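Structure data follow from my_file33.csv (CSV, C-alpha atoms):
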chain,number,residue,atom,x,y,z
P,1,MET,CA,0.0,0.0,0.0
P,2,LEU,CA,1.1,3.6,-0.6
P,3,THR,CA,2.0,6.0,2.2
P,4,ILE,CA,1.7,9.8,2.6
P,5,GLY,CA,3.8,11.7,0.1
P,6,GLN,CA,3.8,8.9,-2.6
P,7,LYS,CA,1.9,9.2,-5.8
P,8,ALA,CA,-0.9,7.3,-7.6
P,9,GLY,CA,-0.9,8.4,-11.1
P,10,SER,CA,-0.9,12.2,-11.1
P,11,TRP,CA,-2.2,12.3,-7.5
P,12,VAL,CA,0.0,12.8,-4.4
P,13,LEU,CA,-1.3,11.5,-1.1
P,14,GLU,CA,-1.5,14.2,1.5
P,15,ASP,CA,-3.4,12.6,4.5
P,16,LEU,CA,-4.9,9.3,5.6
P,17,VAL,CA,-8.7,9.5,5.8
P,18,SER,CA,-9.6,5.9,6.6
P,19,LEU,CA,-7.8,2.6,7.3
P,20,GLY,CA,-9.1,-0.8,6.2
P,21,VAL,CA,-10.2,-2.0,2.8
P,22,PRO,CA,-10.5,0.2,0.8
P,23,ARG,CA,-8.0,2.6,2.3
P,24,THR,CA,-8.8,6.2,1.5
P,25,PHE,CA,-6.6,9.3,1.4
P,26,ARG,CA,-6.9,13.0,0.8
P,27,ALA,CA,-5.0,13.6,-2.4
P,28,ARG,CA,-4.1,16.5,-4.6
P,29,HIS,CA,-3.5,16.6,-8.4
P,30,THR,CA,0.1,17.5,-9.1
P,31,ASP,CA,-0.6,19.6,-12.2
P,32,VAL,CA,-3.9,21.5,-11.5
P,33,GLY,CA,-4.0,21.3,-7.7
P,34,THR,CA,-7.5,19.8,-7.4
P,35,LYS,CA,-8.2,18.1,-4.1
P,36,GLY,CA,-9.9,14.6,-4.1
P,37,LEU,CA,-10.7,11.6,-2.1
P,38,LEU,CA,-8.5,8.7,-3.3
P,39,LYS,CA,-9.7,5.1,-2.7
P,40,LEU,CA,-6.9,2.5,-2.9
P,41,LEU,CA,-7.4,-1.3,-3.3
P,42,PRO,CA,-5.1,-4.3,-3.9
P,43,LEU,CA,-5.1,-5.2,-7.6
P,44,SER,CA,-7.0,-8.4,-8.6
P,45,GLU,CA,-9.4,-9.2,-11.3
P,46,ALA,CA,-12.3,-8.9,-8.9
P,47,THR,CA,-11.3,-5.5,-7.5
P,48,LYS,CA,-10.5,-4.2,-11.0
P,49,ASP,CA,-13.9,-5.3,-12.3
P,50,GLN,CA,-15.7,-3.8,-9.3
P,51,GLN,CA,-13.9,-0.5,-9.6
P,52,LYS,CA,-14.6,-0.3,-13.4
P,53,ARG,CA,-18.3,-0.9,-12.7
P,54,GLU,CA,-18.3,1.8,-10.1
P,55,VAL,CA,-16.6,4.3,-12.4
P,56,GLU,CA,-18.8,3.5,-15.3
P,57,ALA,CA,-21.9,3.9,-13.1
P,58,LEU,CA,-20.8,7.1,-11.5
P,59,ARG,CA,-19.7,8.8,-14.7
P,60,GLN,CA,-23.2,8.8,-16.1
P,61,LEU,CA,-24.7,10.2,-12.8
P,62,ARG,CA,-24.9,13.9,-11.9
P,63,HIS,CA,-26.5,14.4,-8.5
P,64,ALA,CA,-25.6,16.5,-5.4
P,65,SER,CA,-25.6,13.4,-3.2
P,66,ILE,CA,-23.6,11.2,-5.5
P,67,PRO,CA,-19.8,11.7,-5.5
P,68,GLU,CA,-18.2,12.8,-8.8
P,69,VAL,CA,-15.5,10.5,-10.3
P,70,LEU,CA,-12.3,12.5,-11.1
P,71,ASP,CA,-9.9,9.8,-12.1
P,72,PHE,CA,-9.2,6.1,-12.2
P,73,GLY,CA,-6.1,4.0,-12.7
P,74,VAL,CA,-4.3,0.7,-12.3
P,75,ASP,CA,-0.7,0.5,-11.0
P,76,HIS,CA,0.6,-2.9,-12.2
P,77,GLU,CA,4.1,-2.3,-10.7
P,78,ARG,CA,2.7,-2.1,-7.2
P,79,ASP,CA,-0.5,-4.2,-7.8
P,80,LEU,CA,-2.9,-1.4,-6.9
P,81,VAL,CA,-6.1,-0.1,-8.3
P,82,TRP,CA,-7.2,3.5,-7.4
P,83,THR,CA,-10.2,5.8,-7.9
P,84,VAL,CA,-10.4,9.5,-7.1
P,85,PHE,CA,-13.6,11.2,-6.2
P,86,GLY,CA,-14.4,14.9,-5.7
P,87,TRP,CA,-13.4,15.9,-2.2
P,88,PHE,CA,-16.1,16.2,0.5
P,89,GLU,CA,-15.9,16.4,4.3
P,90,GLY,CA,-17.7,13.7,6.2
P,91,GLU,CA,-17.6,10.3,7.8
P,92,THR,CA,-19.3,7.0,7.0
P,93,LEU,CA,-22.6,6.4,8.6
P,94,LEU,CA,-21.1,3.2,10.0
P,95,ASP,CA,-18.6,5.3,12.0
P,96,ARG,CA,-21.3,7.7,13.1
P,97,LEU,CA,-23.5,4.9,14.4
P,98,GLN,CA,-20.6,3.8,16.7
P,99,ARG,CA,-21.6,6.8,18.8
P,100,GLY,CA,-25.2,5.8,19.1
P,101,ALA,CA,-28.5,6.2,17.3
P,102,LEU,CA,-29.4,9.4,15.5
P,103,ASP,CA,-32.1,11.8,16.4
P,104,TRP,CA,-35.1,11.3,14.1
P,105,LYS,CA,-34.9,14.8,12.7
P,106,GLU,CA,-31.2,14.3,11.7
P,107,ALA,CA,-32.0,10.9,10.4
P,108,ALA,CA,-34.9,12.3,8.2
P,109,ARG,CA,-32.5,14.8,6.6
P,110,ILE,CA,-30.0,12.1,5.7
P,111,LEU,CA,-32.7,9.8,4.5
P,112,TYR,CA,-34.1,12.5,2.2
P,113,ASP,CA,-30.7,12.9,0.5
P,114,LEU,CA,-30.3,9.2,0.1
P,115,ALA,CA,-33.9,8.7,-1.2
P,116,SER,CA,-33.3,11.5,-3.7
P,117,ALA,CA,-30.0,10.0,-4.9
P,118,LEU,CA,-31.5,6.5,-5.2
P,119,SER,CA,-34.6,7.7,-7.0
P,120,TYR,CA,-32.3,9.6,-9.5
P,121,MET,CA,-30.3,6.4,-10.0
P,122,HIS,CA,-33.3,4.3,-10.7
P,123,ASN,CA,-34.6,6.8,-13.2
P,124,GLU,CA,-31.3,6.5,-15.0
P,125,GLY,CA,-31.8,2.7,-15.2
P,126,LEU,CA,-29.3,1.7,-12.4
P,127,VAL,CA,-29.9,-0.4,-9.2
P,128,HIS,CA,-27.5,0.2,-6.3
P,129,ARG,CA,-27.7,-3.3,-4.8
P,130,ASP,CA,-25.4,-2.5,-1.8
P,131,LEU,CA,-27.1,0.1,0.4
P,132,ARG,CA,-25.6,-0.2,4.0
P,133,PRO,CA,-24.1,2.2,6.6
P,134,ALA,CA,-20.5,1.7,5.2
P,135,ASN,CA,-21.7,3.1,1.9
P,136,VAL,CA,-23.2,6.3,3.2
P,137,ILE,CA,-21.1,9.4,3.9
P,138,VAL,CA,-22.6,12.0,6.3
P,139,GLY,CA,-21.4,15.5,6.7
P,140,GLU,CA,-22.6,18.9,7.8
P,141,GLY,CA,-26.0,19.4,6.1
P,142,ARG,CA,-25.4,16.8,3.4
P,143,ALA,CA,-25.3,13.0,2.9
P,144,TRP,CA,-23.7,11.2,0.0
P,145,LEU,CA,-24.4,7.8,-1.5
P,146,ALA,CA,-21.3,5.7,-2.1
P,147,GLY,CA,-20.3,2.1,-2.7
P,148,PHE,CA,-21.3,1.5,-6.3
P,149,ASP,CA,-19.2,-1.7,-6.7
P,150,PHE,CA,-22.3,-3.8,-7.3
P,151,ALA,CA,-24.4,-1.2,-9.2
P,152,MET,CA,-25.8,-2.6,-12.5
P,153,THR,CA,-28.6,-1.9,-14.9
P,154,GLN,CA,-31.7,-4.1,-14.6
P,155,GLU,CA,-31.1,-5.4,-18.1
P,156,GLY,CA,-27.5,-6.3,-17.2
P,157,LEU,CA,-28.6,-8.2,-14.2
P,158,GLU,CA,-31.1,-10.2,-16.2
P,159,ARG,CA,-28.5,-11.2,-18.7
P,160,LEU,CA,-26.3,-12.8,-15.9
P,161,SER,CA,-26.6,-16.4,-14.9
P,162,SER,CA,-25.4,-15.4,-11.4
P,163,ALA,CA,-24.7,-12.0,-9.8
P,164,PRO,CA,-22.6,-11.0,-6.9
P,165,PHE,CA,-24.4,-9.3,-4.0
P,166,GLY,CA,-23.5,-7.2,-1.0
P,167,ASP,CA,-24.2,-7.5,2.8
P,168,LEU,CA,-26.8,-10.1,3.5
P,169,GLY,CA,-28.3,-8.1,6.4
P,170,TYR,CA,-29.7,-5.5,4.0
P,171,LEU,CA,-30.8,-7.8,1.1
P,172,ALA,CA,-34.5,-8.3,0.4
P,173,PRO,CA,-35.9,-11.8,0.8
P,174,GLU,CA,-36.6,-12.1,-3.0
P,175,VAL,CA,-32.9,-11.3,-3.7
P,176,LEU,CA,-31.8,-14.1,-1.3
P,177,ARG,CA,-34.0,-16.4,-3.3
P,178,ASP,CA,-32.7,-15.3,-6.7
P,179,PRO,CA,-29.8,-12.7,-6.7
P,180,VAL,CA,-30.2,-12.0,-10.4
P,181,HIS,CA,-33.6,-10.5,-10.0
P,182,HIS,CA,-32.5,-7.6,-7.8
P,183,GLY,CA,-34.9,-4.8,-8.8
P,184,SER,CA,-35.5,-1.3,-7.5
P,185,LYS,CA,-37.8,-2.7,-4.8
P,186,ALA,CA,-34.8,-4.5,-3.2
P,187,ASP,CA,-33.1,-1.1,-2.8
P,188,VAL,CA,-36.3,0.1,-1.1
P,189,TYR,CA,-36.0,-2.8,1.4
P,190,ALA,CA,-32.4,-2.0,2.1
P,191,PHE,CA,-33.5,1.6,2.7
P,192,GLY,CA,-36.0,0.4,5.3
P,193,CYS,CA,-33.3,-1.7,7.1
P,194,LEU,CA,-30.9,1.3,7.0
P,195,SER,CA,-33.5,3.7,8.4
P,196,PHE,CA,-34.3,1.3,11.3
P,197,GLU,CA,-30.6,1.1,12.2
P,198,MET,CA,-30.2,4.8,12.1
P,199,LEU,CA,-33.0,5.4,14.6
P,200,THR,CA,-32.3,2.5,16.9
P,201,GLY,CA,-28.5,2.2,16.7
P,202,ARG,CA,-28.6,-1.5,16.0
P,203,ALA,CA,-28.8,-3.6,12.8
P,204,ALA,CA,-32.2,-5.1,12.0
P,205,PHE,CA,-30.6,-8.4,10.9
P,206,PRO,CA,-27.1,-8.6,12.3
P,207,ALA,CA,-25.0,-11.0,10.3
P,208,ALA,CA,-23.7,-14.0,12.2
P,209,VAL,CA,-21.0,-16.5,11.3
P,210,TRP,CA,-23.0,-19.5,10.1
P,211,GLY,CA,-20.4,-21.3,8.1
P,212,GLU,CA,-20.4,-21.1,4.4
P,213,ARG,CA,-21.8,-18.1,2.6
P,214,ALA,CA,-24.5,-20.2,0.9
P,215,ASP,CA,-25.7,-21.6,4.2
P,216,HIS,CA,-25.5,-18.0,5.6
P,217,ALA,CA,-27.8,-16.8,2.8
P,218,VAL,CA,-30.3,-19.6,3.4
P,219,ARG,CA,-30.5,-18.9,7.1
P,220,MET,CA,-30.9,-15.2,6.5
P,221,LEU,CA,-33.7,-15.8,4.0
P,222,GLU,CA,-35.6,-18.0,6.6
P,223,TRP,CA,-35.1,-15.3,9.2
P,224,LYS,CA,-36.4,-12.5,7.0
P,225,ALA,CA,-39.3,-14.5,5.6
P,226,ARG,CA,-40.6,-15.1,9.1
P,227,SER,CA,-40.1,-11.4,10.2
P,228,ASN,CA,-42.6,-8.6,10.2
P,229,ALA,CA,-42.1,-5.2,8.8
P,230,LEU,CA,-39.6,-3.2,10.9
P,231,ASP,CA,-40.8,-0.6,13.4
P,232,PRO,CA,-38.1,1.6,15.2
P,233,GLY,CA,-40.7,2.6,17.9
P,234,ALA,CA,-40.7,5.9,19.8
P,235,PRO,CA,-39.5,8.6,19.8
P,236,ALA,CA,-39.8,8.5,16.0
P,237,PRO,CA,-43.0,10.1,14.8
P,238,GLU,CA,-45.9,7.9,13.5
P,239,TRP,CA,-45.4,9.0,9.8
P,240,LEU,CA,-41.7,7.9,9.9
P,241,ARG,CA,-42.5,4.6,11.6
P,242,ASN,CA,-45.1,3.9,8.9
P,243,MET,CA,-42.7,4.8,6.2
P,244,ILE,CA,-40.1,2.4,7.5
P,245,GLY,CA,-42.7,-0.4,7.8
P,246,LYS,CA,-43.8,0.1,4.2
P,247,CYS,CA,-40.2,-0.1,3.0
P,248,SER,CA,-39.2,-3.2,5.0
P,249,ASP,CA,-42.2,-5.4,4.3
P,250,PRO,CA,-40.8,-8.8,3.4
P,251,ASP,CA,-43.5,-9.2,0.7
P,252,PRO,CA,-42.5,-7.1,-2.3
P,253,ASP,CA,-46.1,-6.7,-3.4
P,254,ARG,CA,-46.9,-4.9,-0.1
P,255,ARG,CA,-43.7,-2.8,-0.2
P,256,LEU,CA,-43.5,0.8,-1.4
P,257,PRO,CA,-43.2,0.6,-5.2
P,258,ASP,CA,-40.2,2.9,-5.7
P,259,LEU,CA,-37.9,5.5,-4.3
P,260,GLU,CA,-39.9,8.4,-5.7
P,261,SER,CA,-42.7,7.5,-3.2
P,262,LEU,CA,-40.1,7.7,-0.4
P,263,THR,CA,-38.8,11.1,-1.6
P,264,GLY,CA,-42.4,12.4,-1.7
P,265,TRP,CA,-43.1,11.0,1.8
P,266,LEU,CA,-40.1,12.7,3.3
P,267,ASP,CA,-40.7,15.9,1.4
P,268,ALA,CA,-44.3,16.1,2.6
P,269,ALA,CA,-43.1,15.8,6.2
P,270,ARG,CA,-40.2,18.3,5.7
P,271,PRO,CA,-41.8,21.0,7.9
P,272,SER,CA,-41.7,18.6,10.9
P,273,TRP,CA,-37.9,17.9,10.6
P,274,ALA,CA,-36.3,20.7,8.6
P,275,LEU,CA,-37.5,23.5,10.8
P,276,ALA,CA,-36.5,21.7,14.0
P,277,LEU,CA,-33.0,21.1,12.6
P,278,ALA,CA,-32.7,24.8,11.6
P,279,GLU,CA,-33.6,25.8,15.1
P,280,LEU,CA,-31.1,23.4,16.7
P,281,SER,CA,-28.3,24.7,14.4
P,282,GLU,CA,-28.9,28.4,15.2
P,283,GLU,CA,-26.3,29.8,17.5
P,284,PRO,CA,-27.5,31.9,20.4
P,285,GLU,CA,-26.9,35.6,19.9
P,286,LEU,CA,-24.3,37.1,22.3
P,287,GLU,CA,-24.8,40.5,23.8
P,288,PRO,CA,-22.2,43.0,22.8
P,289,VAL,CA,-19.3,43.5,25.2
P,290,THR,CA,-18.8,47.1,26.3
P,291,ALA,CA,-16.5,48.8,28.8
P,292,GLU,CA,-19.4,50.0,30.9
P,293,VAL,CA,-20.6,48.1,33.9
P,294,ALA,CA,-23.8,46.4,33.1
P,295,LEU,CA,-26.6,47.2,35.5
P,296,PRO,CA,-28.8,44.4,36.7
P,297,ARG,CA,-32.0,44.2,34.7
P,298,PRO,CA,-35.3,44.7,36.6
P,299,PRO,CA,-37.5,41.7,36.9
P,300,ALA,CA,-40.2,41.3,34.3
P,301,PRO,CA,-43.6,42.5,35.5
P,302,LEU,CA,-46.1,39.9,36.4
P,303,PHE,CA,-48.8,41.9,34.5
P,304,VAL,CA,-48.9,44.8,32.1
P,305,PRO,CA,-50.9,47.8,33.5
P,306,ALA,CA,-53.6,49.3,31.3
P,307,PRO,CA,-52.6,52.6,29.6
P,308,SER,CA,-53.5,55.7,31.6
P,309,ILE,CA,-55.8,58.4,30.2
P,310,VAL,CA,-53.9,61.6,29.4
P,311,ARG,CA,-55.9,64.8,30.4
P,312,PRO,CA,-55.9,67.7,28.0
P,313,SER,CA,-54.5,69.9,30.7
P,314,GLU,CA,-51.3,68.0,31.0
P,315,LEU,CA,-48.3,69.8,29.5
P,316,LEU,CA,-45.0,68.8,28.0
P,317,SER,CA,-42.0,71.1,28.4
P,318,GLN,CA,-40.1,71.8,25.2
P,319,GLU,CA,-37.3,74.1,24.2
P,320,GLY,CA,-38.8,77.5,23.5
P,321,GLY,CA,-42.2,76.9,25.3
P,322,THR,CA,-44.8,74.4,26.0
P,323,ARG,CA,-47.4,72.6,24.1
P,324,ARG,CA,-50.3,70.4,24.9
P,325,ARG,CA,-49.8,66.7,24.7
P,326,PRO,CA,-51.9,65.5,21.8
P,327,VAL,CA,-54.9,63.5,23.1
P,328,ALA,CA,-56.3,60.6,21.2
P,329,PRO,CA,-59.9,61.2,20.2
P,330,MET,CA,-62.3,59.5,22.6
P,331,ALA,CA,-64.3,56.7,21.1
P,332,PRO,CA,-68.1,57.1,21.2
P,333,PRO,CA,-69.9,55.0,23.7
P,334,PRO,CA,-71.2,51.7,22.3
P,335,ALA,CA,-74.8,51.7,21.1
P,336,PRO,CA,-77.2,49.8,23.2
P,337,PRO,CA,-78.1,46.4,21.9
P,338,PRO,CA,-81.3,46.4,19.8
P,339,MET,CA,-84.6,45.4,21.5
P,340,PRO,CA,-85.9,41.9,20.5
P,341,ALA,CA,-88.7,41.9,18.0
P,342,VAL,CA,-91.1,40.2,20.3
P,343,LEU,CA,-90.8,42.9,22.9
P,344,GLN,CA,-91.2,45.5,20.3
P,345,TYR,CA,-94.5,44.0,19.1
P,346,ALA,CA,-95.8,43.6,22.8
P,347,LEU,CA,-94.9,47.2,23.6
P,348,ALA,CA,-96.6,48.5,20.5
P,349,ALA,CA,-99.8,46.5,21.3
P,350,THR,CA,-99.8,47.8,24.9
P,351,LEU,CA,-99.4,51.4,23.8
P,352,GLY,CA,-102.2,50.9,21.2
P,353,CYS,CA,-104.6,49.5,23.8
P,354,VAL,CA,-103.8,52.3,26.3
P,355,SER,CA,-104.3,55.0,23.6
P,356,ALA,CA,-107.6,53.5,22.5
P,357,PHE,CA,-108.9,53.2,26.1
P,358,GLY,CA,-107.9,56.8,26.9
P,359,PHE,CA,-109.5,58.2,23.7
P,360,SER,CA,-112.8,56.3,24.5
P,361,ALA,CA,-112.9,57.7,28.0
P,362,VAL,CA,-112.4,61.2,26.8
P,363,LEU,CA,-115.1,60.8,24.2
P,364,ILE,CA,-117.7,59.4,26.7
P,365,LEU,CA,-116.9,62.3,29.1
P,366,PHE,CA,-117.5,64.9,26.4
P,367,VAL,CA,-120.9,63.3,25.4
P,368,GLU,CA,-122.1,63.2,29.0
P,369,MET,CA,-121.1,66.8,29.5
P,370,SER,CA,-123.0,67.8,26.4
P,371,ASN,CA,-126.2,66.1,27.5
P,372,GLY,CA,-126.0,67.8,30.9
P,373,THR,CA,-125.8,64.6,32.8
P,374,LEU,CA,-122.6,65.7,34.5
Could you write out this file's structure as structure tokens?
Amino acid sequence: MLTIGQKAGSWVLEDLVSLGVPRTFRARHTDVGTKGLLKLLPLSEATKDQQKREVEALRQLRHASIPEVLDFGVDHERDLVWTVFGWFEGETLLDRLQRGALDWKEAARILYDLASALSYMHNEGLVHRDLRPANVIVGEGRAWLAGFDFAMTQEGLERLSSAPFGDLGYLAPEVLRDPVHHGSKADVYAFGCLSFEMLTGRAAFPAAVWGERADHAVRMLEWKARSNALDPGAPAPEWLRNMIGKCSDPDPDRRLPDLESLTGWLDAARPSWALALAELSEEPELEPVTAEVALPRPPAPLFVPAPSIVRPSELLSQEGGTRRRPVAPMAPPPAPPPMPAVLQYALAATLGCVSAFGFSAVLILFVEMSNGTL
């Protein structure tokens, strides 16, 4: 393996990013000065074919959450194969989960980026086939989809008599039955398993050592076929739990049909997670530091008194004389509520009867006086 200061092609290694296989470095192009992430693998026919497939897949993709391939080469003298991607700051989701589960709002942001990238891939005719925490890079405000070693077109898969596949813990049951028929719904299933692990901090189907890989696949298929759809439980909100359940259903006919549905689901719920993340990321404002001694602030009043009425006789002193304080016009008193119609009719009838009775009495009195009876 190469060390700091050595070159791979036109790229000089500046710093080690990650140990293991593949080993990754921060590198810089010796001619143009471009910074990149260089992935280094021991040369073999398998690794060379995997890297070629990854480069071919990525060179036809242009998405903000998919790394850009800058260069690719084979060093036959030192038996190495290397690939350079555009530089980005971040860590693998696998490393991040070593510190525990993610808050559901942070997880929703990462899942939205991944769902958008996978949906774009599927629309371009490619299936990822190896979605797992080691193939997700998380950074400040962005997540990237990586690990395209097994990416293929659906037509290419169907032409193969057998196809390599990734981590068994994230493979859909139908893929364990027939790896060649790994469609887009299998990526949806892996997305559900990944989402469950992000929210709980543990793998849904941890891989155990069960002997040969073929026996391992059979046992994993039996386990998944007997399992229900995954549910991360509280404190994840109900909509997110339902989404993960729809992704991880072992029956592909009941599973969400595609990644576009996932993107739409997460986008519709964006107000519940994006706003909360924005509030958490805001730094508190600091009061300006001055040379003056800050006086203690009076306690906040328990109630706010009503505004006092300003009399016209109050005066304000000004330079050159005095003037009256302007007084806001007094609002007219509110009109009395209207009398109900029933009372109006009753009052009118009463007044009518009283008027008629009085008129009749006056008329009788006048007649009696005319006749001399009174």
**Study point:** Among the residues P:Val55, P:Ala186, P:Ala269, P:Val69, the one that comes closest to Pro250 of chain P [using only C-alpha atoms]
**Key:**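 Ranking P:Val55, P:Ala186, P:Ala269, P:Val69 by distance to Pro250 of chain P, first place goes to P:Ala186.
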Exercise for review: Give me the residues within 8 Å of Tyr189 of chain P as a ChimeraX atom specification, counting all atoms listed in the file and dropping any in the same chain fewer than 4 places off.
Suggested key: /P:170-172,185,193,247-250,255
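With distances taken over all atoms listed in the file, P:Pro67 is the one residue among P:Gly201, P:Gly183, P:Pro67, P:Gly125 lying closest to Ala146 of chain P.
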Study note, to complete from the structure: From the list P:Val138, P:Gly147, P:Ser119, P:Arg109, the nearest residue to Phe85 of chain P using only C-alpha atoms is P:Gly147
Practice item. Pick out the closest residue to Leu230 of chain P from this set: P:Thr153, P:Ser18, P:Ser195, P:Ser261. Count all atoms listed in the file. Key: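 Using all atoms listed in the file, the shortest distance to Leu230 of chain P belongs to P:Ser195.
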Exercise for review: Take the point (-22.1, 1.6, 13.3) as written in the file and pick out every residue within 10 Å of it, counting only C-alpha atoms; give the list as a PyMOL selection string.
Suggested key: chain P and resi 92-101+133-134+197-198+201-203
Revision key, fill the gap. Atom CA of Glu54 of chain P sits from atom CA of Arg23 of chain P at a separation of 16.1 Å
Exercise for review: Quick one: everything within 9 Å of segment 44-48 of chain P, counting only C-alpha atoms, minus sequence neighbours fewer than 2 positions away in the same chain. Send it as a count of residues only.
Suggested key: 11
Using all atoms listed in the file, find each residue of segment 59-93 of chain P with at least one atom at most 12 Å away from an atom of segment 11-15 of chain P; report its shortest atom-to-atom pair and that distance in Å (one decimal), sort the rows by chain and rising residue number, and return the result as a Markdown table.
| residue | atom | partner | partner_atom | distance |
| --- | --- | --- | --- | --- |
| P:Leu70 | CA | P:Trp11 | CA | 10.7 |
| P:Asp71 | CA | P:Trp11 | CA | 9.3 |
| P:Phe72 | CA | P:Trp11 | CA | 10.5 |
| P:Gly73 | CA | P:Trp11 | CA | 10.5 |
| P:Trp82 | CA | P:Trp11 | CA | 10.1 |
| P:Thr83 | CA | P:Trp11 | CA | 10.3 |
| P:Val84 | CA | P:Trp11 | CA | 8.7 |
| P:Phe85 | CA | P:Trp11 | CA | 11.5 |
Practice item. Would you mind reading off the distance between atom CA of Asp31 of chain P and atom CA of Trp87 of chain P, one decimal, in Å? Key: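 Rounded to one decimal, the two atoms are 16.7 Å apart.
Here atom CA of Ile244 of chain P is placed at a distance of 15.8 Å from atom CA of Gly169 of chain P.
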**Study point:** Residue nearest His76 of chain P among P:Asp49, P:Gly9, P:Gly156, P:Pro232 (counting only C-alpha atoms)
**Key:**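 Ranking P:Asp49, P:Gly9, P:Gly156, P:Pro232 by distance to His76 of chain P, first place goes to P:Gly9.
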Point to revise | All residues 8 Å or closer to Trp104 of chain P, all atoms listed in the file, same chain fewer than 2 positions away omitted, as JSON, numbers by chain | key: {"P": [102, 106, 107, 108, 199, 235, 236, 273]}
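Distances here use all atoms listed in the file; by that measure, the residue among P:Ile66, P:Leu259, P:Leu2, P:Val218 closest to Arg142 of chain P is P:Ile66.
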Check your understanding: Any idea what's packed within 7 Å of segment 173-178 of chain P, counting all atoms listed in the file, ignoring anything in its chain fewer than 5 positions away? Could you give it as a list of chain:residue names?
Key ->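 Listing them by chain and then by number gives P:Ala217, P:Leu221, P:Lys224, P:Ala225, P:Pro250.
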Mind dumping segment 169-174 of chain P from that block, keeping all heavy atoms, as a PDB file, in the first residue's frame?
ATOM      1  N   GLY P 169     -27.389  -8.737   5.442  1.00  0.00           N
ATOM      2  CA  GLY P 169     -28.314  -8.144   6.395  1.00  0.00           C
ATOM      3  C   GLY P 169     -29.239  -7.115   5.781  1.00  0.00           C
ATOM      4  O   GLY P 169     -30.281  -6.787   6.364  1.00  0.00           O
ATOM      5  N   TYR P 170     -28.909  -6.581   4.586  1.00  0.00           N
ATOM      6  CA  TYR P 170     -29.701  -5.535   3.958  1.00  0.00           C
ATOM      7  C   TYR P 170     -30.360  -5.998   2.663  1.00  0.00           C
ATOM      8  O   TYR P 170     -31.030  -5.207   2.002  1.00  0.00           O
ATOM      9  CB  TYR P 170     -28.825  -4.308   3.687  1.00  0.00           C
ATOM     10  CG  TYR P 170     -28.158  -3.801   4.936  1.00  0.00           C
ATOM     11  CD1 TYR P 170     -26.914  -4.299   5.332  1.00  0.00           C
ATOM     12  CD2 TYR P 170     -28.773  -2.861   5.759  1.00  0.00           C
ATOM     13  CE1 TYR P 170     -26.301  -3.860   6.509  1.00  0.00           C
ATOM     14  CE2 TYR P 170     -28.172  -2.420   6.929  1.00  0.00           C
ATOM     15  CZ  TYR P 170     -26.935  -2.929   7.286  1.00  0.00           C
ATOM     16  OH  TYR P 170     -26.342  -2.503   8.451  1.00  0.00           O
ATOM     17  N   LEU P 171     -30.169  -7.264   2.318  1.00  0.00           N
ATOM     18  CA  LEU P 171     -30.760  -7.791   1.089  1.00  0.00           C
ATOM     19  C   LEU P 171     -32.220  -8.167   1.315  1.00  0.00           C
ATOM     20  O   LEU P 171     -32.586  -8.718   2.356  1.00  0.00           O
ATOM     21  CB  LEU P 171     -29.988  -9.016   0.597  1.00  0.00           C
ATOM     22  CG  LEU P 171     -28.597  -8.765   0.015  1.00  0.00           C
ATOM     23  CD1 LEU P 171     -27.987 -10.074  -0.437  1.00  0.00           C
ATOM     24  CD2 LEU P 171     -28.664  -7.788  -1.146  1.00  0.00           C
ATOM     25  N   ALA P 172     -33.042  -7.901   0.316  1.00  0.00           N
ATOM     26  CA  ALA P 172     -34.455  -8.264   0.381  1.00  0.00           C
ATOM     27  C   ALA P 172     -34.608  -9.776   0.260  1.00  0.00           C
ATOM     28  O   ALA P 172     -33.775 -10.449  -0.361  1.00  0.00           O
ATOM     29  CB  ALA P 172     -35.214  -7.559  -0.738  1.00  0.00           C
ATOM     30  N   PRO P 173     -35.672 -10.339   0.843  1.00  0.00           N
ATOM     31  CA  PRO P 173     -35.857 -11.803   0.759  1.00  0.00           C
ATOM     32  C   PRO P 173     -35.893 -12.326  -0.665  1.00  0.00           C
ATOM     33  O   PRO P 173     -35.357 -13.408  -0.946  1.00  0.00           O
ATOM     34  CB  PRO P 173     -37.200 -12.022   1.477  1.00  0.00           C
ATOM     35  CG  PRO P 173     -37.324 -10.873   2.411  1.00  0.00           C
ATOM     36  CD  PRO P 173     -36.678  -9.712   1.722  1.00  0.00           C
ATOM     37  N   GLU P 174     -36.504 -11.565  -1.599  1.00  0.00           N
ATOM     38  CA  GLU P 174     -36.585 -12.066  -2.981  1.00  0.00           C
ATOM     39  C   GLU P 174     -35.212 -12.135  -3.631  1.00  0.00           C
ATOM     40  O   GLU P 174     -34.980 -12.963  -4.521  1.00  0.00           O
ATOM     41  CB  GLU P 174     -37.525 -11.192  -3.815  1.00  0.00           C
ATOM     42  CG  GLU P 174     -37.067  -9.757  -4.038  1.00  0.00           C
ATOM     43  CD  GLU P 174     -37.581  -8.802  -2.988  1.00  0.00           C
ATOM     44  OE1 GLU P 174     -37.950  -9.268  -1.890  1.00  0.00           O
ATOM     45  OE2 GLU P 174     -37.595  -7.584  -3.243  1.00  0.00           O
TER      46      GLU P 174
END
